[in-house]
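Shown below: input.csv, with CSV, C-alpha atoms and all ligand atoms.
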```csv
chain,number,residue,atom,x,y,z
A,1,MET,CA,1.9,-25.8,17.6
A,2,ASN,CA,-1.8,-25.5,18.0
A,3,GLY,CA,-3.9,-22.7,16.4
A,4,ALA,CA,-4.1,-20.6,19.5
A,5,ASP,CA,-0.3,-20.3,19.7
A,6,VAL,CA,0.2,-19.0,16.1
A,7,THR,CA,2.0,-15.7,16.3
A,8,LEU,CA,1.4,-12.8,13.9
A,9,SER,CA,4.8,-13.3,12.4
A,10,ASP,CA,4.3,-17.0,11.8
A,11,TYR,CA,0.9,-16.4,10.3
A,12,THR,CA,1.8,-13.6,8.0
A,13,SER,CA,5.2,-14.9,7.0
A,14,GLN,CA,3.6,-18.2,5.9
A,15,GLN,CA,1.1,-16.1,3.8
A,16,LEU,CA,4.1,-14.3,2.3
A,17,ARG,CA,6.0,-17.5,1.5
A,18,ASN,CA,2.9,-19.0,-0.2
A,19,LEU,CA,2.5,-15.8,-2.3
A,20,CYS,CA,6.1,-15.8,-3.3
A,21,ARG,CA,6.1,-19.5,-4.1
A,22,GLU,CA,3.0,-19.0,-6.3
A,23,ALA,CA,4.8,-16.2,-8.1
A,24,GLY,CA,7.7,-18.4,-8.9
A,25,PHE,CA,10.3,-17.4,-6.3
A,26,THR,CA,12.8,-20.0,-5.3
A,27,ASP,CA,14.0,-18.2,-2.2
A,28,THR,CA,11.0,-17.6,0.2
A,29,ASP,CA,13.2,-17.4,3.3
A,30,THR,CA,14.5,-13.9,2.6
A,31,PRO,CA,11.0,-12.3,2.3
A,32,ALA,CA,9.7,-14.2,5.4
A,33,GLU,CA,12.7,-13.2,7.5
A,34,LEU,CA,12.5,-9.6,6.5
A,35,LEU,CA,8.8,-9.5,7.3
A,36,ARG,CA,9.5,-10.9,10.7
A,37,GLU,CA,12.0,-8.1,11.3
A,38,LEU,CA,9.7,-5.5,10.1
A,39,LEU,CA,6.9,-6.5,12.4
A,40,GLY,CA,9.0,-6.0,15.5
A,41,ALA,CA,7.4,-6.8,18.9
A,42,ALA,CA,4.0,-7.2,17.4
A,43,GLY,CA,5.2,-10.3,15.5
A,44,GLY,CA,5.9,-12.5,18.5
A,45,ARG,CA,2.4,-12.1,19.9
A,46,PRO,CA,-0.1,-14.9,19.5
A,47,LEU,CA,-3.0,-14.0,17.2
A,48,SER,CA,-5.4,-14.9,20.0
A,49,ALA,CA,-4.0,-12.0,22.1
A,50,GLY,CA,-5.3,-9.5,19.5
A,51,PRO,CA,-3.5,-6.5,17.9
A,52,LEU,CA,-0.8,-4.9,20.0
A,53,TRP,CA,-1.5,-1.6,18.3
A,54,PRO,CA,-4.4,-0.4,16.1
A,55,SER,CA,-2.5,-0.2,12.9
A,56,ASP,CA,-4.2,1.6,10.0
A,57,VAL,CA,-2.4,-0.6,7.5
A,58,ALA,CA,-5.4,-2.8,7.3
A,59,ASP,CA,-9.0,-2.7,8.5
A,60,ASP,CA,-8.6,-5.4,11.2
A,61,ALA,CA,-5.5,-3.7,12.6
A,62,THR,CA,-3.1,-6.2,11.1
A,63,PRO,CA,0.1,-4.1,10.6
A,64,VAL,CA,0.7,-5.8,7.2
A,65,GLU,CA,-0.9,-5.9,3.8
A,66,PHE,CA,0.3,-7.8,0.7
A,67,SER,CA,0.2,-6.8,-2.9
A,68,PHE,CA,0.8,-8.4,-6.1
A,69,ALA,CA,1.9,-6.2,-9.0
A,70,PHE,CA,1.3,-7.2,-12.6
A,71,ASP,CA,3.4,-5.2,-15.1
A,72,ASP,CA,1.9,-5.0,-18.5
A,73,GLY,CA,5.3,-6.0,-19.7
A,74,GLY,CA,5.0,-9.4,-17.9
A,75,ASP,CA,7.1,-8.8,-14.7
A,76,ARG,CA,5.6,-9.6,-11.4
A,77,ALA,CA,6.4,-8.3,-7.9
A,78,ILE,CA,5.2,-9.3,-4.5
A,79,ARG,CA,5.1,-6.4,-1.9
A,80,VAL,CA,4.3,-6.0,1.7
A,81,LEU,CA,3.1,-2.8,3.3
A,82,GLY,CA,3.9,-2.8,7.0
A,83,GLU,CA,4.2,-0.9,10.2
A,84,THR,CA,6.8,-1.7,12.8
A,85,ILE,CA,5.3,-1.8,16.3
A,86,ALA,CA,7.3,-1.2,19.5
A,87,GLU,CA,7.1,-3.5,22.5
A,88,ARG,CA,5.5,-0.8,24.5
A,89,PRO,CA,3.7,0.8,21.5
A,90,GLY,CA,2.9,4.5,21.1
A,91,PRO,CA,3.5,7.1,18.4
A,92,ASP,CA,7.1,7.9,19.5
A,93,ALA,CA,8.1,4.3,20.4
A,94,ASN,CA,6.8,3.0,17.1
A,95,VAL,CA,8.9,5.5,15.2
A,96,ALA,CA,12.0,4.5,17.2
A,97,ALA,CA,11.3,0.9,16.4
A,98,ALA,CA,10.8,1.7,12.7
A,99,ARG,CA,14.1,3.6,12.7
A,100,ARG,CA,15.9,0.5,14.0
A,101,PHE,CA,14.3,-1.6,11.3
A,102,LEU,CA,15.4,1.0,8.7
A,103,HIS,CA,18.9,1.0,10.0
A,104,THR,CA,19.0,-2.8,9.7
A,105,VAL,CA,17.8,-2.9,6.1
A,106,THR,CA,19.9,0.0,4.9
A,107,GLU,CA,23.1,-1.7,6.3
A,108,ARG,CA,22.2,-5.1,4.9
A,109,TYR,CA,21.0,-4.2,1.4
A,110,GLY,CA,23.0,-1.1,0.9
A,111,CYS,CA,19.9,1.1,0.4
A,112,THR,CA,20.7,4.8,0.5
A,113,ALA,CA,19.0,6.8,3.2
A,114,ASP,CA,20.1,10.2,1.7
A,115,ARG,CA,16.6,11.3,0.7
A,116,PHE,CA,15.2,9.9,4.0
A,117,GLU,CA,17.7,12.0,5.8
A,118,ALA,CA,16.9,15.1,3.8
A,119,VAL,CA,13.2,15.1,4.9
A,120,GLN,CA,12.9,13.1,8.1
A,121,ASP,CA,13.0,16.1,10.4
A,122,LEU,CA,9.9,17.4,8.7
A,123,PHE,CA,7.9,14.2,8.8
A,124,LEU,CA,9.1,12.6,12.1
A,125,PRO,CA,8.5,15.3,14.8
A,126,GLU,CA,8.4,14.5,18.4
A,127,ARG,CA,4.8,13.4,19.4
A,128,PRO,CA,3.6,12.6,15.8
A,129,ARG,CA,-0.1,13.1,15.2
A,130,GLY,CA,-2.4,11.2,12.7
A,131,LYS,CA,-2.9,7.6,12.0
A,132,PHE,CA,0.8,6.7,11.5
A,133,ALA,CA,4.2,8.2,11.2
A,134,LEU,CA,6.4,5.7,9.3
A,135,TRP,CA,5.4,2.7,7.2
A,136,PHE,CA,7.5,0.5,4.9
A,137,SER,CA,7.0,-1.3,1.7
A,138,LEU,CA,9.2,-4.3,1.0
A,139,ILE,CA,9.3,-5.2,-2.7
A,140,PHE,CA,10.3,-8.7,-3.8
A,141,ARG,CA,11.1,-9.9,-7.3
A,142,PRO,CA,12.3,-13.3,-8.1
A,143,GLY,CA,16.1,-13.4,-8.2
A,144,ALA,CA,16.6,-9.8,-7.1
A,145,ALA,CA,17.5,-8.2,-3.8
A,146,PRO,CA,14.6,-6.9,-1.8
A,147,ARG,CA,13.9,-3.2,-2.2
A,148,VAL,CA,12.5,-0.9,0.4
A,149,LYS,CA,10.2,2.1,0.3
A,150,VAL,CA,9.2,4.4,3.2
A,151,TYR,CA,6.0,6.2,3.7
A,152,PHE,CA,5.6,9.4,5.7
A,153,ASN,CA,2.3,10.9,6.8
A,154,PRO,CA,1.6,14.5,5.6
A,155,ASP,CA,-0.8,14.9,8.6
A,156,VAL,CA,1.9,14.1,11.1
A,157,ARG,CA,1.9,17.8,12.4
A,158,GLY,CA,-1.8,18.1,11.9
A,159,PRO,CA,-3.9,18.1,8.7
A,160,GLU,CA,-3.7,21.9,8.4
A,161,ARG,CA,0.1,21.7,7.8
A,162,ALA,CA,0.0,18.8,5.3
A,163,ARG,CA,0.5,20.9,2.2
A,164,GLU,CA,3.2,22.9,3.7
A,165,LEU,CA,5.1,19.8,4.7
A,166,VAL,CA,4.8,18.2,1.3
A,167,ALA,CA,5.9,21.4,-0.5
A,168,GLU,CA,8.9,21.7,1.7
A,169,GLY,CA,9.8,18.0,1.3
A,170,LEU,CA,9.7,18.3,-2.5
A,171,ARG,CA,11.7,21.6,-2.3
A,172,ARG,CA,14.5,19.9,-0.4
A,173,LEU,CA,14.5,17.1,-3.1
A,174,GLY,CA,14.7,19.7,-5.9
A,175,MET,CA,11.2,18.9,-7.1
A,176,ASP,CA,9.2,22.1,-6.5
A,177,ASN,CA,7.9,22.4,-10.0
A,178,ALA,CA,6.3,19.0,-9.9
A,179,TYR,CA,4.6,20.1,-6.7
A,180,ASP,CA,2.9,23.0,-8.5
A,181,ILE,CA,1.7,20.7,-11.3
A,182,VAL,CA,0.2,18.2,-8.8
A,183,LEU,CA,-1.4,21.0,-6.8
A,184,ALA,CA,-3.1,22.3,-9.9
A,185,HIS,CA,-4.4,19.0,-11.1
A,186,ALA,CA,-5.2,16.9,-8.0
A,187,LEU,CA,-6.0,19.4,-5.3
A,188,SER,CA,-8.6,21.6,-6.8
A,189,ARG,CA,-11.6,20.5,-4.8
A,190,GLY,CA,-10.9,22.2,-1.4
A,191,ASP,CA,-10.9,20.0,1.6
A,192,ARG,CA,-12.1,17.0,-0.3
A,193,ASP,CA,-8.6,16.5,-1.9
A,194,ARG,CA,-5.8,15.9,0.5
A,195,PHE,CA,-2.2,14.6,0.6
A,196,SER,CA,-2.3,11.2,2.2
A,197,PHE,CA,1.3,9.8,1.8
A,198,PHE,CA,4.7,11.0,0.9
A,199,ALA,CA,6.9,8.0,0.0
A,200,LEU,CA,10.5,7.5,-1.0
A,201,ASP,CA,12.3,4.6,-2.7
A,202,LEU,CA,15.4,3.9,-0.7
A,203,ASP,CA,17.7,2.9,-3.6
A,204,ASP,CA,20.4,4.8,-5.3
A,205,ASP,CA,19.2,4.8,-8.8
A,206,PRO,CA,18.4,7.8,-11.0
A,207,LEU,CA,14.9,6.3,-11.4
A,208,SER,CA,14.2,5.8,-7.8
A,209,ARG,CA,11.0,7.6,-7.0
A,210,VAL,CA,9.4,10.1,-4.7
A,211,LYS,CA,5.7,9.2,-4.6
A,212,LEU,CA,3.0,11.7,-3.7
A,213,TYR,CA,-0.5,10.4,-2.9
A,214,VAL,CA,-3.6,12.4,-2.9
A,215,SER,CA,-7.0,11.1,-1.7
A,216,HIS,CA,-10.2,12.4,-3.3
A,217,ALA,CA,-13.3,12.2,-1.1
A,218,ALA,CA,-16.5,11.5,-3.0
A,219,ALA,CA,-14.8,11.8,-6.4
A,220,SER,CA,-16.1,10.7,-9.8
A,221,VAL,CA,-14.3,9.7,-13.0
A,222,PRO,CA,-13.8,13.3,-14.3
A,223,ASP,CA,-12.1,14.3,-11.1
A,224,VAL,CA,-9.5,11.6,-11.3
A,225,GLU,CA,-9.1,12.1,-15.1
A,226,ARG,CA,-8.2,15.7,-14.3
A,227,ALA,CA,-5.7,14.4,-11.7
A,228,ALA,CA,-4.2,12.0,-14.2
A,229,ALA,CA,-3.7,14.9,-16.7
A,230,ALA,CA,-0.8,16.1,-14.6
A,231,VAL,CA,1.2,13.4,-16.4
A,232,SER,CA,1.5,14.0,-20.1
A,233,GLY,CA,1.0,11.3,-22.6
A,234,ILE,CA,-1.1,8.8,-20.7
A,235,ASP,CA,-4.3,7.3,-22.0
A,236,ARG,CA,-7.0,8.7,-19.7
A,237,SER,CA,-9.7,6.6,-21.2
A,238,GLU,CA,-8.3,3.7,-19.2
A,239,ILE,CA,-9.5,5.4,-16.0
A,240,GLY,CA,-13.2,5.3,-16.8
A,241,ARG,CA,-12.9,1.7,-17.8
A,242,PHE,CA,-11.1,0.8,-14.6
A,243,CYS,CA,-13.6,2.5,-12.4
A,244,ALA,CA,-16.5,0.9,-14.3
A,245,LEU,CA,-15.1,-2.6,-14.3
A,246,VAL,CA,-13.5,-2.7,-10.8
A,247,GLY,CA,-15.6,-0.1,-8.9
A,248,GLY,CA,-18.9,-0.9,-10.7
A,249,SER,CA,-19.7,2.7,-11.6
A,250,SER,CA,-18.2,6.1,-12.7
A,251,GLY,CA,-18.8,7.4,-9.2
A,252,PRO,CA,-19.2,9.3,-7.0
A,253,PHE,CA,-17.1,7.0,-4.9
A,254,ALA,CA,-18.5,8.1,-1.5
A,255,GLY,CA,-17.0,5.3,0.7
A,256,ARG,CA,-13.3,5.1,1.2
A,257,PRO,CA,-11.7,7.6,-1.3
A,258,LEU,CA,-10.1,7.1,-4.6
A,259,ILE,CA,-6.4,7.9,-4.3
A,260,SER,CA,-4.1,9.3,-7.0
A,261,SER,CA,-0.3,8.9,-6.8
A,262,TYR,CA,2.4,10.5,-8.8
A,263,SER,CA,6.0,9.2,-9.3
A,264,LEU,CA,8.7,11.8,-9.4
A,265,VAL,CA,12.3,10.9,-10.3
A,266,GLU,CA,15.6,12.8,-10.0
A,267,ALA,CA,16.3,12.2,-13.7
A,268,ASP,CA,13.2,14.3,-14.5
A,269,PRO,CA,12.5,16.4,-11.4
A,270,ASP,CA,10.2,19.0,-13.0
A,271,ARG,CA,7.1,16.9,-13.6
A,272,PRO,CA,5.5,13.7,-12.5
A,273,GLY,CA,6.3,10.8,-14.8
A,274,ASN,CA,3.7,8.2,-13.7
A,275,TYR,CA,0.2,8.2,-12.4
A,276,SER,CA,-1.6,5.5,-10.4
A,277,LEU,CA,-5.2,5.4,-9.3
A,278,TYR,CA,-6.1,3.3,-6.3
A,279,LEU,CA,-9.7,2.0,-5.8
A,280,PRO,CA,-10.6,0.6,-2.4
A,281,VAL,CA,-12.7,-2.1,-4.0
A,282,ARG,CA,-13.9,-3.5,-0.7
A,283,ASP,CA,-16.2,-0.5,-0.1
A,284,TYR,CA,-17.9,-1.0,-3.5
A,285,VAL,CA,-18.8,-4.7,-3.5
A,286,PRO,CA,-21.0,-6.9,-1.4
A,287,ASP,CA,-18.3,-9.5,-0.9
A,288,ASP,CA,-14.9,-10.7,-2.1
A,289,GLU,CA,-16.5,-13.0,-4.6
A,290,THR,CA,-17.8,-10.0,-6.5
A,291,ALA,CA,-14.5,-8.2,-6.1
A,292,ARG,CA,-12.7,-11.2,-7.6
A,293,SER,CA,-15.0,-11.5,-10.6
A,294,ARG,CA,-14.6,-7.8,-11.4
A,295,ILE,CA,-10.8,-7.9,-11.0
A,296,ARG,CA,-10.7,-11.0,-13.2
A,297,SER,CA,-12.5,-9.1,-16.0
A,298,PHE,CA,-10.2,-6.2,-15.7
A,299,LEU,CA,-7.0,-8.4,-15.8
A,300,ALA,CA,-8.3,-10.4,-18.8
A,301,GLU,CA,-9.0,-7.2,-20.7
A,302,HIS,CA,-5.4,-6.2,-20.1
A,303,GLY,CA,-4.0,-9.5,-21.4
A,304,LEU,CA,-3.1,-10.6,-17.8
A,305,ASP,CA,-3.9,-14.1,-16.6
A,306,PRO,CA,-6.8,-14.1,-14.2
A,307,ALA,CA,-5.6,-17.5,-12.8
A,308,ASP,CA,-2.7,-15.6,-11.2
A,309,LEU,CA,-5.3,-13.8,-9.1
A,310,ASP,CA,-6.8,-17.0,-7.8
A,311,ARG,CA,-3.4,-18.4,-7.0
A,312,ALA,CA,-2.6,-15.2,-5.0
A,313,LEU,CA,-5.9,-15.4,-3.1
A,314,GLY,CA,-5.3,-19.1,-2.3
A,315,ALA,CA,-1.9,-18.2,-1.0
A,316,VAL,CA,-3.2,-15.9,1.7
A,317,SER,CA,-6.6,-17.3,2.6
A,318,GLY,CA,-8.7,-20.4,2.6
A,319,ARG,CA,-12.0,-18.9,3.5
A,320,PRO,CA,-14.9,-18.8,1.0
A,321,LEU,CA,-14.8,-15.4,-0.8
A,322,ARG,CA,-18.5,-14.9,-0.2
A,323,ASP,CA,-18.0,-14.9,3.6
A,324,GLY,CA,-16.2,-11.6,3.8
A,325,ARG,CA,-15.4,-8.3,2.2
A,326,GLY,CA,-11.9,-6.9,2.1
A,327,LEU,CA,-9.5,-9.8,1.5
A,328,LEU,CA,-9.3,-7.8,-1.8
A,329,ALA,CA,-8.7,-4.4,-0.3
A,330,HIS,CA,-7.6,-2.2,-3.2
A,331,VAL,CA,-6.8,-2.4,-6.8
A,332,SER,CA,-4.5,0.1,-8.5
A,333,LEU,CA,-4.0,1.0,-12.2
A,334,ARG,CA,-0.6,2.3,-13.1
A,335,LEU,CA,-0.2,4.5,-16.2
A,336,GLY,CA,2.8,6.3,-17.8
A,337,GLY,CA,6.3,6.2,-19.1
A,338,PHE,CA,7.8,4.2,-16.2
A,339,GLY,CA,5.5,1.3,-17.0
A,340,SER,CA,1.8,0.4,-16.8
A,341,GLY,CA,0.2,-2.3,-14.9
A,342,THR,CA,-2.2,-3.4,-12.3
A,343,THR,CA,-1.7,-4.1,-8.6
A,344,VAL,CA,-4.0,-6.1,-6.3
A,345,TYR,CA,-3.8,-5.5,-2.6
A,346,LEU,CA,-4.6,-8.5,-0.4
A,347,SER,CA,-5.4,-8.3,3.3
A,348,SER,CA,-3.9,-10.8,5.7
A,349,GLU,CA,-7.1,-10.9,7.8
A,350,ALA,CA,-4.9,-12.2,10.6
A,351,TYR,CA,-7.2,-10.8,13.3
A,352,ASP,CA,-10.6,-10.4,11.7
A,353,VAL,CA,-12.8,-10.6,8.6
A,354,THR,CA,-15.2,-7.8,7.6
A,355,PRO,CA,-18.6,-9.4,7.1
A,356,PRO,CA,-20.2,-9.2,3.6
A,357,ARG,CA,-22.7,-6.5,3.0
A,358,ARG,CA,-25.7,-8.8,2.5
A,359,GLY,CA,-27.8,-9.4,5.6
A,360,THR,CA,-28.0,-13.2,5.1
A,361,ALA,CA,-24.5,-14.6,5.6
A,362,ARG,CA,-23.4,-16.2,8.9
A,363,PRO,CA,-20.8,-14.2,10.8
A,364,VAL,CA,-17.3,-15.5,9.9
A,365,PRO,CA,-14.9,-16.7,12.5
A,366,VAL,CA,-11.3,-15.4,12.4
A,367,PRO,CA,-9.3,-17.9,10.3
A,368,LEU,CA,-6.6,-19.2,12.4
A,369,ALA,CA,-3.8,-21.6,11.5
A,370,ASP,CA,-5.4,-24.0,9.1
A,371,ALA,CA,-6.1,-22.1,6.0
A,372,PRO,CA,-2.9,-20.6,4.7
A,373,LEU,CA,-0.6,-22.4,7.1
A,374,GLY,CA,-1.8,-25.8,6.1
A,375,GLY,CA,-1.7,-24.9,2.4
B,401,LIG,N1,-5.7,0.9,5.2
B,401,LIG,C1,-5.5,2.3,4.7
B,401,LIG,C2,-6.5,2.5,3.6
B,401,LIG,O1,-7.2,1.7,3.2
B,401,LIG,C3,-4.1,2.5,4.2
B,401,LIG,C4,-3.7,1.7,3.0
B,401,LIG,C5,-3.2,0.4,3.0
B,401,LIG,C6,-3.8,2.1,1.6
B,401,LIG,N2,-3.0,0.0,1.8
B,401,LIG,C7,-3.3,0.9,0.9
B,401,LIG,C8,-4.2,3.2,0.9
B,401,LIG,C9,-3.2,0.9,-0.5
B,401,LIG,C10,-4.2,3.2,-0.5
B,401,LIG,C11,-3.7,2.1,-1.2
B,401,LIG,O2,-6.7,3.7,3.3
```

As structure tokens - that is how I would like this structure written.
Amino acid sequence: MNGADVTLSDYTSQQLRNLCREAGFTDTDTPAELLRELLGAAGGRPLSAGPLWPSDVADDATPVEFSFAFDDGGDRAIRVLGETIAERPGPDANVAAARRFLHTVTERYGCTADRFEAVQDLFLPERPRGKFALWFSLIFRPGAAPRVKVYFNPDVRGPERARELVAEGLRRLGMDNAYDIVLAHALSRGDRDRFSFFALDLDDDPLSRVKLYVSHAAASVPDVERAAAAVSGIDRSEIGRFCALVGGSSGPFAGRPLISSYSLVEADPDRPGNYSLYLPVRDYVPDDETARSRIRSFLAEHGLDPADLDRALGAVSGRPLRDGRGLLAHVSLRLGGFGSGTTVYLSSEAYDVTPPRRGTARPVPVPLADAPLGG
């Protein structure tokens, strides 16, 4: 197979296999196969044909993004965020294709779709608006069955209805109190704070989560510290340290927004139990080399092994880190009773590489087969 014929599925599933192998998985076939199914019609297209649909999952329209979760307790997980694209893509057709994928995985892995069923008519209207309607996250841990999470878009009926949709979704899941707490802490700055995702774990466990995401335009550390205070008992001093080390300042973060997320569980429906802060590091560095060194410092400070980061980077890309910006897309800090940790989000860059911010570097060609596939 020559480089020009490599399909999106081949390319990204090889990246995923490499990542899983580096993380100590013995079975890399299951993740690769599931990713292939998730990608739908977009997967079979050669990379040289370009994106079938302008997915917002990643900056270059690749409908996949990888992440590597480090739990402070030592556990590791590899995850894939992805969007299913229909053969003749469009907002309605993509939702139909995503529903087929969902049906396949719920049958195969016995995931429960109860909570999905409880809210889907709110979030999946005919003619969905906004940047997406349904995304998935596939979560892989060595020796465990894959887990699946779905993401809905609060803007799907227009941004003016986002709060109403989220409130109604939580009401149906018996979590109205938690909504009020999140509203008071995270949405106090008018239009600058907005709900960005409403996500559900699809497993039948008292600890399976509903996750609410709020994006904070031009926010500084005190704004996100206030957002974190919705969860009792967490060490908020970590937030300033995270922003300084990974983001390079205490704000305001005027590029892509900081995002807060809250985990709500059925076992404790009245208040959020975990807080995470996402920092889109690619907007606050000149290139991925800088992002890498900042993230390494942060990992080291948390007793995590910075060499794991390099192995993960090597698994998805062979390009020099100075030649682009956004292979390291986001970093998140997780705080609270359900476990603390750090997650690093890695772009596939299947279609394109964002140039570094310096003026001097040469433009970077799209990496085709050789880098990760050869590795
Ligand atoms: N690409 C979008 C963004 O950067 C959505 C997204 C993908 C995202 N992965 C994410 C948002 C991780 C927050 C965290 O906003």

- Task: Report as a PyMOL selection string which protein, DNA and RNA residues come within 6 Å of ligand LIG 401 (chain B), using all atoms listed in the file.
- Result: chain A and resi 56-59+278

Excluding range 356-358 of chain A and residues on its chain fewer than 4 positions from it, collect all residues at most 9 Å away from it, counting all atoms listed in the file, and give them as a compact mmCIF listing (two decimals) with C-alpha atoms, in the coordinates of the input.
```txt
# COMPACT_ATOMS: atom_id res chain seq x y z
CA VAL A 285 -18.80 -4.70 -3.50
CA PRO A 286 -21.00 -6.90 -1.40
CA ASP A 287 -18.30 -9.50 -0.90
CA ASP A 288 -14.90 -10.70 -2.10
CA ARG A 322 -18.50 -14.90 -0.20
CA ASP A 323 -18.00 -14.90 3.60
CA GLY A 324 -16.20 -11.60 3.80
CA ARG A 325 -15.40 -8.30 2.20
CA GLY A 326 -11.90 -6.90 2.10
CA PRO A 363 -20.80 -14.20 10.80
```

- Task: Excluding range 201-208 of chain A and residues on its chain fewer than 2 positions from it, collect all residues at most 6 Å away from it, counting all atoms listed in the file, and give them as an NGL selection string.
- Result: :A and (111-112 or 148-149 or 265-267)

- Using CA of Pro89 in chain A and CA of Ala42 in chain A as the two end points, give the distance in Å to one decimal.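 Rounded to one decimal, the two atoms are 9.0 Å apart.
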
- Would you mind telling me which residue in A:Ala145, A:Leu52, A:Ala178, A:Ala41 lies nearest to Gly110 in chain A when using all atoms listed in the file? A:Ala145

Taking all atoms of range 215-227 of chain A that appear in the file, build a box with edges along x, y and z, extend it by 4 Å on every side, and state its centre and edge lengths in Å to one decimal, as JSON.
```
{"center_x": -11.1, "center_y": 12.7, "center_z": -8.1, "size_x": 18.8, "size_y": 14.0, "size_z": 22.0}
```

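CA of Arg319 in chain A is positioned 16.8 Å from CA of Leu16 in chain A.
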
Give me the residues near Tyr151 in chain A as an mmCIF file with C-alpha atoms, in the frame of the given file, where near means some atom within 8 Å (using all atoms listed in the file) and where sequence neighbours in that chain fewer than 5 positions away do not count.
```
data_model
loop_
_atom_site.group_PDB
_atom_site.id
_atom_site.type_symbol
_atom_site.label_atom_id
_atom_site.label_comp_id
_atom_site.auth_asym_id
_atom_site.auth_seq_id
_atom_site.Cartn_x
_atom_site.Cartn_y
_atom_site.Cartn_z
ATOM 1 C CA ALA A 133 4.200 8.200 11.200
ATOM 2 C CA LEU A 134 6.400 5.700 9.300
ATOM 3 C CA TRP A 135 5.400 2.700 7.200
ATOM 4 C CA PHE A 136 7.500 0.500 4.900
ATOM 5 C CA SER A 137 7.000 -1.300 1.700
ATOM 6 C CA PHE A 197 1.300 9.800 1.800
ATOM 7 C CA PHE A 198 4.700 11.000 0.900
ATOM 8 C CA ALA A 199 6.900 8.000 0.000
ATOM 9 C CA LEU A 200 10.500 7.500 -1.000
#
```

- Query: Which residues, protein or nucleic acid, reach to within 12 Å of (-1.1, 19.8, 10.6) in the file's coordinates when using all atoms listed in the file, and can you give that as an NGL selection string?
  - Reply: :A and (122-123 or 125 or 128-130 or 153-166 or 194-195)

Could the residues in this selection be saved with C-alpha atoms as a PDB file, in the coordinates of the input?
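The file below, again_36.pdb, is the result:
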```
ATOM      1  CA  LEU A 122       9.900  17.400   8.700  1.00  0.00           C
ATOM      2  CA  PHE A 123       7.900  14.200   8.800  1.00  0.00           C
ATOM      3  CA  PRO A 125       8.500  15.300  14.800  1.00  0.00           C
ATOM      4  CA  PRO A 128       3.600  12.600  15.800  1.00  0.00           C
ATOM      5  CA  ARG A 129      -0.100  13.100  15.200  1.00  0.00           C
ATOM      6  CA  GLY A 130      -2.400  11.200  12.700  1.00  0.00           C
ATOM      7  CA  ASN A 153       2.300  10.900   6.800  1.00  0.00           C
ATOM      8  CA  PRO A 154       1.600  14.500   5.600  1.00  0.00           C
ATOM      9  CA  ASP A 155      -0.800  14.900   8.600  1.00  0.00           C
ATOM     10  CA  VAL A 156       1.900  14.100  11.100  1.00  0.00           C
ATOM     11  CA  ARG A 157       1.900  17.800  12.400  1.00  0.00           C
ATOM     12  CA  GLY A 158      -1.800  18.100  11.900  1.00  0.00           C
ATOM     13  CA  PRO A 159      -3.900  18.100   8.700  1.00  0.00           C
ATOM     14  CA  GLU A 160      -3.700  21.900   8.400  1.00  0.00           C
ATOM     15  CA  ARG A 161       0.100  21.700   7.800  1.00  0.00           C
ATOM     16  CA  ALA A 162       0.000  18.800   5.300  1.00  0.00           C
ATOM     17  CA  ARG A 163       0.500  20.900   2.200  1.00  0.00           C
ATOM     18  CA  GLU A 164       3.200  22.900   3.700  1.00  0.00           C
ATOM     19  CA  LEU A 165       5.100  19.800   4.700  1.00  0.00           C
ATOM     20  CA  VAL A 166       4.800  18.200   1.300  1.00  0.00           C
ATOM     21  CA  ARG A 194      -5.800  15.900   0.500  1.00  0.00           C
ATOM     22  CA  PHE A 195      -2.200  14.600   0.600  1.00  0.00           C
TER      23      PHE A 195
END
```

- Excluding Leu245 in chain A and residues on its chain fewer than 3 positions from it, collect all residues at most 8 Å away from it, counting all atoms listed in the file, and give them as a PyMOL selection string. chain A and resi 241-242+248-249+294-295+297-298

Take the selection from the previous step and output its residues with C-alpha atoms, as an mmCIF file, in the coordinates of the input.
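Here's the written file part_30.cif:
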```
data_model
loop_
_atom_site.group_PDB
_atom_site.id
_atom_site.type_symbol
_atom_site.label_atom_id
_atom_site.label_comp_id
_atom_site.auth_asym_id
_atom_site.auth_seq_id
_atom_site.Cartn_x
_atom_site.Cartn_y
_atom_site.Cartn_z
ATOM 1 C CA ARG A 241 -12.900 1.700 -17.800
ATOM 2 C CA PHE A 242 -11.100 0.800 -14.600
ATOM 3 C CA GLY A 248 -18.900 -0.900 -10.700
ATOM 4 C CA SER A 249 -19.700 2.700 -11.600
ATOM 5 C CA ARG A 294 -14.600 -7.800 -11.400
ATOM 6 C CA ILE A 295 -10.800 -7.900 -11.000
ATOM 7 C CA SER A 297 -12.500 -9.100 -16.000
ATOM 8 C CA PHE A 298 -10.200 -6.200 -15.700
#
```

- Item | Shortest interatomic distance to Ala86 in chain A - which of A:Leu39, A:Gly341, A:Thr106, A:Ala69, counting all atoms listed in the file |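 The answer is A:Leu39, which sits nearest to Ala86 in chain A.
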
- State, in Å with one decimal place, the distance from CA of Phe25 in chain A to CA of Gly143 in chain A.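 For CA of Phe25 in chain A relative to CA of Gly143 in chain A, the distance reads 7.3 Å.
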
- Message: For Leu327 in chain A, find every residue with an atom within 9 Å (counting only C-alpha atoms), except residues of its own chain fewer than 4 positions away, and show them as a ChimeraX atom specification.
- Response: /A:282,288,313,316-317,321,345-349,353-354

- Task: Have a look at A:Tyr284, A:Phe338, A:Tyr11, A:Tyr275 and name the one nearest to Ala254 in chain A; count only C-alpha atoms.
- Result: A:Tyr284

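Nearest residue to Gly24 in chain A among A:Ala312, A:Ala97, A:Leu335, A:Ala186 is A:Ala312, counting only C-alpha atoms.
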
- Message: Ranking A:Asp270, A:Asp191, A:Asp283, A:Asp310 by minimum distance to Arg296 in chain A and counting all atoms listed in the file, which one comes first?
- Response: A:Asp310
